[in-house]
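*Asks:* Before I ask anything, let me first share the structure, which is written out below as structure tokens.
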Amino acid sequence: MTASFTTGDPRPDGSVRLDVEGDLDLTVRSSLVGHVDRLLDDPAVTGVVIDLSAVEFIDSSCIGALVGCKLDADKRGRTMRVQGARGQVDEVFEMTGVGAVLGGPSGF
């Protein structure tokens, strides 16, 4: 299933939620990065929360993309984290230790 991306309204603190649905693989990697980059380019956005609760599969290209987006957000003085990982996605995050890098306190 091809991934789709939905951006929520900004919260009063400037954080924005990006809901992802479908499989995250090489075919959607650039779309994922593009969505996060556009959000981080907005001076009103202080942080991005990526909700993966509707994602059933993630491959290494998108894991790398999420880590790259996190590093980019950090360089810009913004926050970025993922939430809602379950099933295969959660297993891969746990197995690789990426969950600790991309996770954070909930708030959405």
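Here's how to read the names in the structure tokens: chain A, B, ... by the order shown, residue numbers from 1 in each chain, ligand numbers from 1 in the order shown.
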Set the distance at 10 Å and use only C-alpha atoms: which residues neighbour stretch 81-96 of chain A once local chain neighbours fewer than 4 positions away are removed? I'd like the list as a ChimeraX atom specification.

*Replies:* /A:17-19,23-24,47-60,63,66-67,69-70,73,100-108

*Asks:* Out of chain A, which residues get strand (DSSP E or B) from DSSP, as a PyMOL selection string?

*Replies:* chain A and resi 4-7+15-21+24+47-54+58+79-83

*Asks:* Run DSSP on the backbone and give me the residues of chain A it puts in alpha helix (DSSP H), as an MDAnalysis selection string.

*Replies:* chainID A and resid 29:41 60:75 87:96 98:102

*Asks:* How many Å separate atom CA of A:Ser31 from atom CA of A:Thr7?

*Replies:*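 Computed distance, atom CA of A:Ser31 to atom CA of A:Thr7, equals 13.2 Å.
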
*Asks:* Which of these residues is nearest to A:Thr2, using only C-alpha atoms: A:Thr27, A:Thr46, A:Thr79, A:Ser15?

*Replies:* A:Thr27

*Asks:* Smallest atom-to-atom distance to A:Gly68: which of A:Gly97, A:Pro43, A:Gly34, A:Asp25, using only C-alpha atoms?

*Replies:* A:Gly34
